[in-house]
>>> print(open('upload34.cif').read())   # mmCIF, C-alpha atoms
data_target
loop_
_atom_site.group_PDB
_atom_site.id
_atom_site.type_symbol
_atom_site.label_atom_id
_atom_site.label_comp_id
_atom_site.auth_asym_id
_atom_site.auth_seq_id
_atom_site.Cartn_x
_atom_site.Cartn_y
_atom_site.Cartn_z
ATOM 1 C CA MET A 13 -22.051 97.384 -101.693
ATOM 2 C CA GLN A 14 -21.960 100.845 -103.153
ATOM 3 C CA THR A 15 -18.700 102.373 -104.240
ATOM 4 C CA THR A 16 -17.720 105.930 -103.358
ATOM 5 C CA SER A 17 -14.335 107.275 -104.483
ATOM 6 C CA GLY A 18 -12.811 103.800 -104.452
ATOM 7 C CA ASN A 19 -14.104 103.007 -100.948
ATOM 8 C CA GLN A 20 -16.925 100.593 -100.236
ATOM 9 C CA THR A 21 -20.079 101.668 -98.448
ATOM 10 C CA SER A 22 -22.143 99.001 -96.740
ATOM 11 C CA LEU A 23 -25.908 99.282 -97.086
ATOM 12 C CA ARG A 24 -26.236 97.242 -93.909
ATOM 13 C CA LEU A 25 -24.029 99.534 -91.828
ATOM 14 C CA SER A 26 -25.706 102.625 -93.280
ATOM 15 C CA PHE A 27 -29.068 101.146 -92.335
ATOM 16 C CA ILE A 28 -27.907 100.566 -88.758
ATOM 17 C CA ARG A 29 -26.440 104.052 -88.413
ATOM 18 C CA ARG A 30 -29.566 105.700 -89.807
ATOM 19 C CA HIS A 31 -32.094 103.541 -87.947
ATOM 20 C CA PRO A 32 -34.281 105.745 -85.691
ATOM 21 C CA LEU A 33 -33.494 103.658 -82.575
ATOM 22 C CA PHE A 34 -29.756 103.856 -83.201
ATOM 23 C CA ALA A 35 -29.945 107.591 -83.938
ATOM 24 C CA LEU A 36 -32.062 108.282 -80.842
ATOM 25 C CA HIS A 37 -29.873 106.346 -78.402
ATOM 26 C CA TYR A 38 -26.632 107.499 -79.996
ATOM 27 C CA GLN A 39 -27.728 111.155 -79.713
ATOM 28 C CA ARG A 40 -28.886 110.635 -76.130
ATOM 29 C CA LEU A 41 -25.573 109.004 -75.241
ATOM 30 C CA GLU A 42 -23.684 111.895 -76.816
ATOM 31 C CA GLU A 43 -25.662 114.307 -74.614
ATOM 32 C CA LEU A 44 -25.183 112.225 -71.467
ATOM 33 C CA GLU A 45 -21.424 111.905 -71.992
ATOM 34 C CA GLN A 46 -20.771 115.462 -73.124
ATOM 35 C CA SER A 47 -18.895 116.416 -69.951
ATOM 36 C CA ARG A 48 -17.638 112.913 -69.110
ATOM 37 C CA ILE A 49 -13.913 112.861 -68.250
ATOM 38 C CA PHE A 50 -13.619 109.110 -68.778
ATOM 39 C CA CYS A 51 -13.851 107.052 -71.970
ATOM 40 C CA ARG A 52 -16.699 108.070 -74.196
ATOM 41 C CA HIS A 53 -18.751 105.842 -76.452
ATOM 42 C CA GLN A 54 -19.145 107.830 -79.647
ATOM 43 C CA MET A 55 -18.394 106.920 -83.252
ATOM 44 C CA ALA A 56 -14.597 107.158 -82.902
ATOM 45 C CA HIS A 57 -14.687 104.422 -80.247
ATOM 46 C CA LEU A 58 -17.152 102.270 -82.192
ATOM 47 C CA LEU A 59 -15.035 102.450 -85.346
ATOM 48 C CA ASP A 60 -11.794 101.857 -83.417
ATOM 49 C CA VAL A 61 -13.314 98.668 -82.027
ATOM 50 C CA ALA A 62 -14.496 97.608 -85.500
ATOM 51 C CA ARG A 63 -11.134 98.243 -87.131
ATOM 52 C CA ILE A 64 -9.133 96.522 -84.404
ATOM 53 C CA ALA A 65 -11.487 93.535 -84.540
ATOM 54 C CA TYR A 66 -11.204 93.317 -88.300
ATOM 55 C CA ILE A 67 -7.398 93.484 -88.186
ATOM 56 C CA LEU A 68 -7.285 90.742 -85.542
ATOM 57 C CA ASN A 69 -9.751 88.717 -87.607
ATOM 58 C CA LEU A 70 -7.390 88.902 -90.602
ATOM 59 C CA GLU A 71 -4.203 88.307 -88.599
ATOM 60 C CA GLU A 72 -5.642 85.326 -86.759
ATOM 61 C CA GLY A 73 -7.417 83.803 -89.759
ATOM 62 C CA LEU A 74 -10.793 83.800 -88.014
ATOM 63 C CA SER A 75 -12.714 84.156 -91.304
ATOM 64 C CA LEU A 76 -15.454 86.328 -89.802
ATOM 65 C CA ASP A 77 -17.402 88.521 -92.205
ATOM 66 C CA ARG A 78 -16.311 92.173 -92.142
ATOM 67 C CA GLU A 79 -19.872 93.522 -92.078
ATOM 68 C CA VAL A 80 -20.785 91.233 -89.178
ATOM 69 C CA ILE A 81 -17.765 92.523 -87.238
ATOM 70 C CA TYR A 82 -18.581 96.160 -88.011
ATOM 71 C CA ALA A 83 -22.278 95.705 -87.172
ATOM 72 C CA ALA A 84 -21.416 94.213 -83.772
ATOM 73 C CA ALA A 85 -18.936 97.019 -83.083
ATOM 74 C CA LEU A 86 -21.376 99.767 -84.110
ATOM 75 C CA LEU A 87 -24.090 98.329 -81.889
ATOM 76 C CA HIS A 88 -22.086 97.130 -78.874
ATOM 77 C CA ASP A 89 -22.487 100.280 -76.732
ATOM 78 C CA ILE A 90 -25.854 101.534 -78.014
ATOM 79 C CA GLY A 91 -27.497 100.553 -74.713
ATOM 80 C CA LYS A 92 -25.268 102.903 -72.673
ATOM 81 C CA SER A 93 -27.922 105.626 -72.494
ATOM 82 C CA LYS A 94 -30.324 103.161 -70.886
ATOM 83 C CA GLN A 95 -27.613 102.148 -68.430
ATOM 84 C CA TYR A 96 -27.115 105.764 -67.404
ATOM 85 C CA GLU A 97 -30.818 106.638 -67.248
ATOM 86 C CA GLU A 98 -32.516 103.395 -66.197
ATOM 87 C CA GLY A 99 -29.759 101.320 -64.600
ATOM 88 C CA ILE A 100 -30.080 98.548 -67.196
ATOM 89 C CA PRO A 101 -26.675 96.978 -67.977
ATOM 90 C CA HIS A 102 -25.741 98.354 -71.378
ATOM 91 C CA GLU A 103 -24.991 94.940 -72.861
ATOM 92 C CA THR A 104 -28.562 93.872 -72.019
ATOM 93 C CA ALA A 105 -30.182 97.070 -73.273
ATOM 94 C CA GLY A 106 -27.893 97.073 -76.301
ATOM 95 C CA GLY A 107 -28.868 93.522 -77.164
ATOM 96 C CA GLN A 108 -32.547 94.451 -77.063
ATOM 97 C CA LEU A 109 -32.050 97.559 -79.205
ATOM 98 C CA ALA A 110 -29.803 95.719 -81.648
ATOM 99 C CA ARG A 111 -32.326 92.891 -82.024
ATOM 100 C CA GLN A 112 -34.988 95.419 -83.060
ATOM 101 C CA ILE A 113 -32.648 97.277 -85.424
ATOM 102 C CA LEU A 114 -31.463 94.060 -87.083
ATOM 103 C CA SER A 115 -35.004 92.690 -87.407
ATOM 104 C CA ASP A 116 -36.115 95.929 -89.124
ATOM 105 C CA MET A 117 -33.472 95.516 -91.836
ATOM 106 C CA PRO A 118 -35.029 94.941 -95.270
ATOM 107 C CA GLU A 119 -34.810 91.345 -96.442
ATOM 108 C CA SER A 120 -32.701 92.355 -99.441
ATOM 109 C CA ILE A 121 -29.813 93.420 -97.182
ATOM 110 C CA ALA A 122 -30.593 91.580 -93.939
ATOM 111 C CA PHE A 123 -28.049 89.532 -92.055
ATOM 112 C CA THR A 124 -28.893 85.846 -91.870
ATOM 113 C CA ALA A 125 -30.491 84.560 -88.679
ATOM 114 C CA GLY A 126 -27.139 83.007 -87.740
ATOM 115 C CA GLU A 127 -25.273 86.263 -88.315
ATOM 116 C CA GLN A 128 -27.832 88.162 -86.249
ATOM 117 C CA GLU A 129 -27.396 85.737 -83.358
ATOM 118 C CA GLN A 130 -23.595 86.073 -83.621
ATOM 119 C CA ILE A 131 -23.922 89.859 -83.433
ATOM 120 C CA LEU A 132 -26.353 89.754 -80.506
ATOM 121 C CA THR A 133 -24.250 87.241 -78.567
ATOM 122 C CA ALA A 134 -21.170 89.407 -79.109
ATOM 123 C CA ILE A 135 -22.973 92.527 -77.864
ATOM 124 C CA GLN A 136 -24.289 90.749 -74.793
ATOM 125 C CA GLY A 137 -20.880 89.243 -74.002
ATOM 126 C CA HIS A 138 -18.548 92.152 -74.747
ATOM 127 C CA ARG A 139 -18.104 93.262 -71.123
ATOM 128 C CA ARG A 140 -17.076 90.005 -69.487
ATOM 129 C CA LEU A 141 -15.244 87.236 -71.280
ATOM 130 C CA ARG A 142 -16.971 83.964 -70.454
ATOM 131 C CA ASP A 143 -15.725 80.425 -70.805
ATOM 132 C CA GLY A 144 -16.813 79.051 -74.152
ATOM 133 C CA ALA A 145 -17.309 82.484 -75.702
ATOM 134 C CA GLN A 146 -18.135 82.476 -79.398
ATOM 135 C CA THR A 147 -15.437 83.731 -81.765
ATOM 136 C CA LEU A 148 -17.044 87.117 -82.500
ATOM 137 C CA GLU A 149 -17.945 87.583 -78.838
ATOM 138 C CA ALA A 150 -14.328 87.073 -77.716
ATOM 139 C CA LEU A 151 -13.041 89.233 -80.573
ATOM 140 C CA LEU A 152 -15.372 92.111 -79.640
ATOM 141 C CA TYR A 153 -14.380 91.836 -75.977
ATOM 142 C CA ARG A 154 -10.660 92.007 -76.810
ATOM 143 C CA SER A 155 -11.041 94.789 -79.379
ATOM 144 C CA ASP A 156 -13.139 96.901 -77.020
ATOM 145 C CA LYS A 157 -10.401 96.744 -74.381
ATOM 146 C CA MET A 158 -7.569 97.274 -76.886
ATOM 147 C CA SER A 159 -9.267 100.397 -78.242
ATOM 148 C CA ARG A 160 -8.771 102.224 -74.948
ATOM 149 C CA ALA A 161 -5.574 104.228 -74.433
ATOM 150 C CA CYS A 162 -5.708 104.191 -70.619
ATOM 151 C CA PHE A 163 -1.948 104.814 -70.470
ATOM 152 C CA SER A 164 -2.477 108.331 -71.847
ATOM 153 C CA CYS A 165 -5.841 109.165 -70.292
ATOM 154 C CA PRO A 166 -5.832 112.288 -68.128
ATOM 155 C CA ALA A 167 -8.519 110.710 -65.908
ATOM 156 C CA LYS A 168 -6.768 107.364 -65.342
ATOM 157 C CA GLN A 169 -6.272 108.038 -61.602
ATOM 158 C CA GLU A 170 -10.013 108.610 -61.098
ATOM 159 C CA CYS A 171 -11.083 105.685 -63.297
ATOM 160 C CA SER A 172 -12.990 102.931 -61.510
ATOM 161 C CA TRP A 173 -11.741 100.169 -63.805
ATOM 162 C CA ASN A 174 -9.446 97.811 -61.958
ATOM 163 C CA ASN A 175 -5.864 97.790 -63.194
ATOM 164 C CA ASP A 176 -6.276 94.387 -64.856
ATOM 165 C CA LYS A 177 -8.829 95.912 -67.239
ATOM 166 C CA LYS A 178 -6.923 99.084 -68.037
ATOM 167 C CA ASN A 179 -4.961 99.140 -71.260
ATOM 168 C CA MET A 180 -1.651 100.531 -70.007
ATOM 169 C CA GLU A 181 0.427 99.737 -73.111
ATOM 170 C CA ILE A 182 0.117 100.006 -76.855
ATOM 171 C CA LEU A 183 -1.158 96.564 -77.719
ATOM 172 C CA PHE A 184 -1.069 94.841 -81.073
#
>>> encode(input="upload34.cif", output="structure tokens")
Amino acid sequence: MQTTSGNQTSLRLSFIRRHPLFALHYQRLEELEQSRIFCRHQMAHLLDVARIAYILNLEEGLSLDREVIYAAALLHDIGKSKQYEEGIPHETAGGQLARQILSDMPESIAFTAGEQEQILTAIQGHRRLRDGAQTLEALLYRSDKMSRACFSCPAKQECSWNNDKKNMEILF
């Protein structure tokens, strides 16, 4: 970890954010969602998910690694551009993109094979909570939903999410 003004900077997270595949699909998603009236999937959302997940991790004593949580959160919606343009479910496309990004990470900073599989499973399972979900997978699912302020969204009446999915209260 590098230190900047008392804050820690993760080489792993910087690598992910700067990876050409991440940059390309993030930029494309930004363009595709520029006039979107519903929830967007830019850095504010990704970091909200990461921070909520990390807080829940601490509160619930889950003992998940912070960088693993943040990596999964940063990568969980990266496949959205492919969903919009090619009709591929974004959790599937995101898993494929994330696998490539994680495998390109230099050995000196790479996540272990087990951590990579945790991250990929969480990305692929973040849209629908399945029976027997892994800890990170369930945490990412919950944090993704909690990050949405549906109760104050000006487009909530037009939103296609069913009411069971909408976050209509401040949850903690």
>>> residues_around(input="upload34.cif", residues="segment 62-71 of chain A", least_positions_apart="2", cutoff="8 Å", atoms="all atoms listed in the file", output="list in words")
Leu58, Leu59, Asp60, Gly73, Leu74, Ser75, Leu76, Arg78, Ile81, Tyr82, Ala84, Ala85, Leu86, Leu151, Leu152, Arg154, Ser155, Met158 and Ser159 of chain A
>>> resolve_selection(input="upload34.cif", expression="the PyMOL selection byres ((chain A and resi 37) around 12)", output="number ranges by chain")
A: 29-36, 38-45, 53-54, 87, 89-97, 102, 105-106, 109-110, 113
>>> atom_distance(input="upload34.cif", atom1="atom CA of Gln108 of chain A", atom2="atom CA of Asn174 of chain A")
27.8 Å
>>> closest_residue(input="upload34.cif", among="A:Ser164, A:Glu181, A:Met117, A:Asp176", to="Phe50 of chain A", atoms="only C-alpha atoms")
A:Ser164
>>> atom_distance(input="upload34.cif", atom1="atom CA of Glu103 of chain A", atom2="atom CA of Ile182 of chain A")
25.9 Å
>>> resolve_selection(input="upload34.cif", expression="the PyMOL selection byres ((chain A and resi 138) around 8)", output="list of chain:residue names")
A:His88, A:Glu103, A:Ala134, A:Ile135, A:Gln136, A:Gly137, A:Arg139, A:Arg140, A:Leu141, A:Glu149, A:Ala150, A:Leu152, A:Tyr153, A:Asp156
>>> write_last_selection(input="upload34.cif", atoms="C-alpha atoms", output="PDB file, in the frame of the given file")
ATOM      1  CA  HIS A  88     -22.086  97.130 -78.874  1.00  0.00           C
ATOM      2  CA  GLU A 103     -24.991  94.940 -72.861  1.00  0.00           C
ATOM      3  CA  ALA A 134     -21.170  89.407 -79.109  1.00  0.00           C
ATOM      4  CA  ILE A 135     -22.973  92.527 -77.864  1.00  0.00           C
ATOM      5  CA  GLN A 136     -24.289  90.749 -74.793  1.00  0.00           C
ATOM      6  CA  GLY A 137     -20.880  89.243 -74.002  1.00  0.00           C
ATOM      7  CA  ARG A 139     -18.104  93.262 -71.123  1.00  0.00           C
ATOM      8  CA  ARG A 140     -17.076  90.005 -69.487  1.00  0.00           C
ATOM      9  CA  LEU A 141     -15.244  87.236 -71.280  1.00  0.00           C
ATOM     10  CA  GLU A 149     -17.945  87.583 -78.838  1.00  0.00           C
ATOM     11  CA  ALA A 150     -14.328  87.073 -77.716  1.00  0.00           C
ATOM     12  CA  LEU A 152     -15.372  92.111 -79.640  1.00  0.00           C
ATOM     13  CA  TYR A 153     -14.380  91.836 -75.977  1.00  0.00           C
ATOM     14  CA  ASP A 156     -13.139  96.901 -77.020  1.00  0.00           C
TER      15      ASP A 156
END
>>> atom_distance(input="upload34.cif", atom1="atom CA of Phe123 of chain A", atom2="atom CA of Leu23 of chain A")
11.2 Å
>>> axis_aligned_box(input="upload34.cif", around="segment 135-144 of chain A", padding_each_side="8 Å", output="AutoDock Vina command-line options")
--center_x -19.8 --center_y 86.2 --center_z -73.7 --size_x 25.0 --size_y 30.2 --size_z 24.4
>>> residues_around(input="upload34.cif", residues="Ala161 of chain A", least_positions_apart="3", cutoff="7 Å", atoms="all atoms listed in the file", output="ChimeraX atom specification")
/A:164-165,179-180
>>> closest_residue(input="upload34.cif", among="A:Ser120, A:Gly99, A:Thr133, A:Arg48", to="Glu170 of chain A", atoms="all atoms listed in the file")
A:Arg48
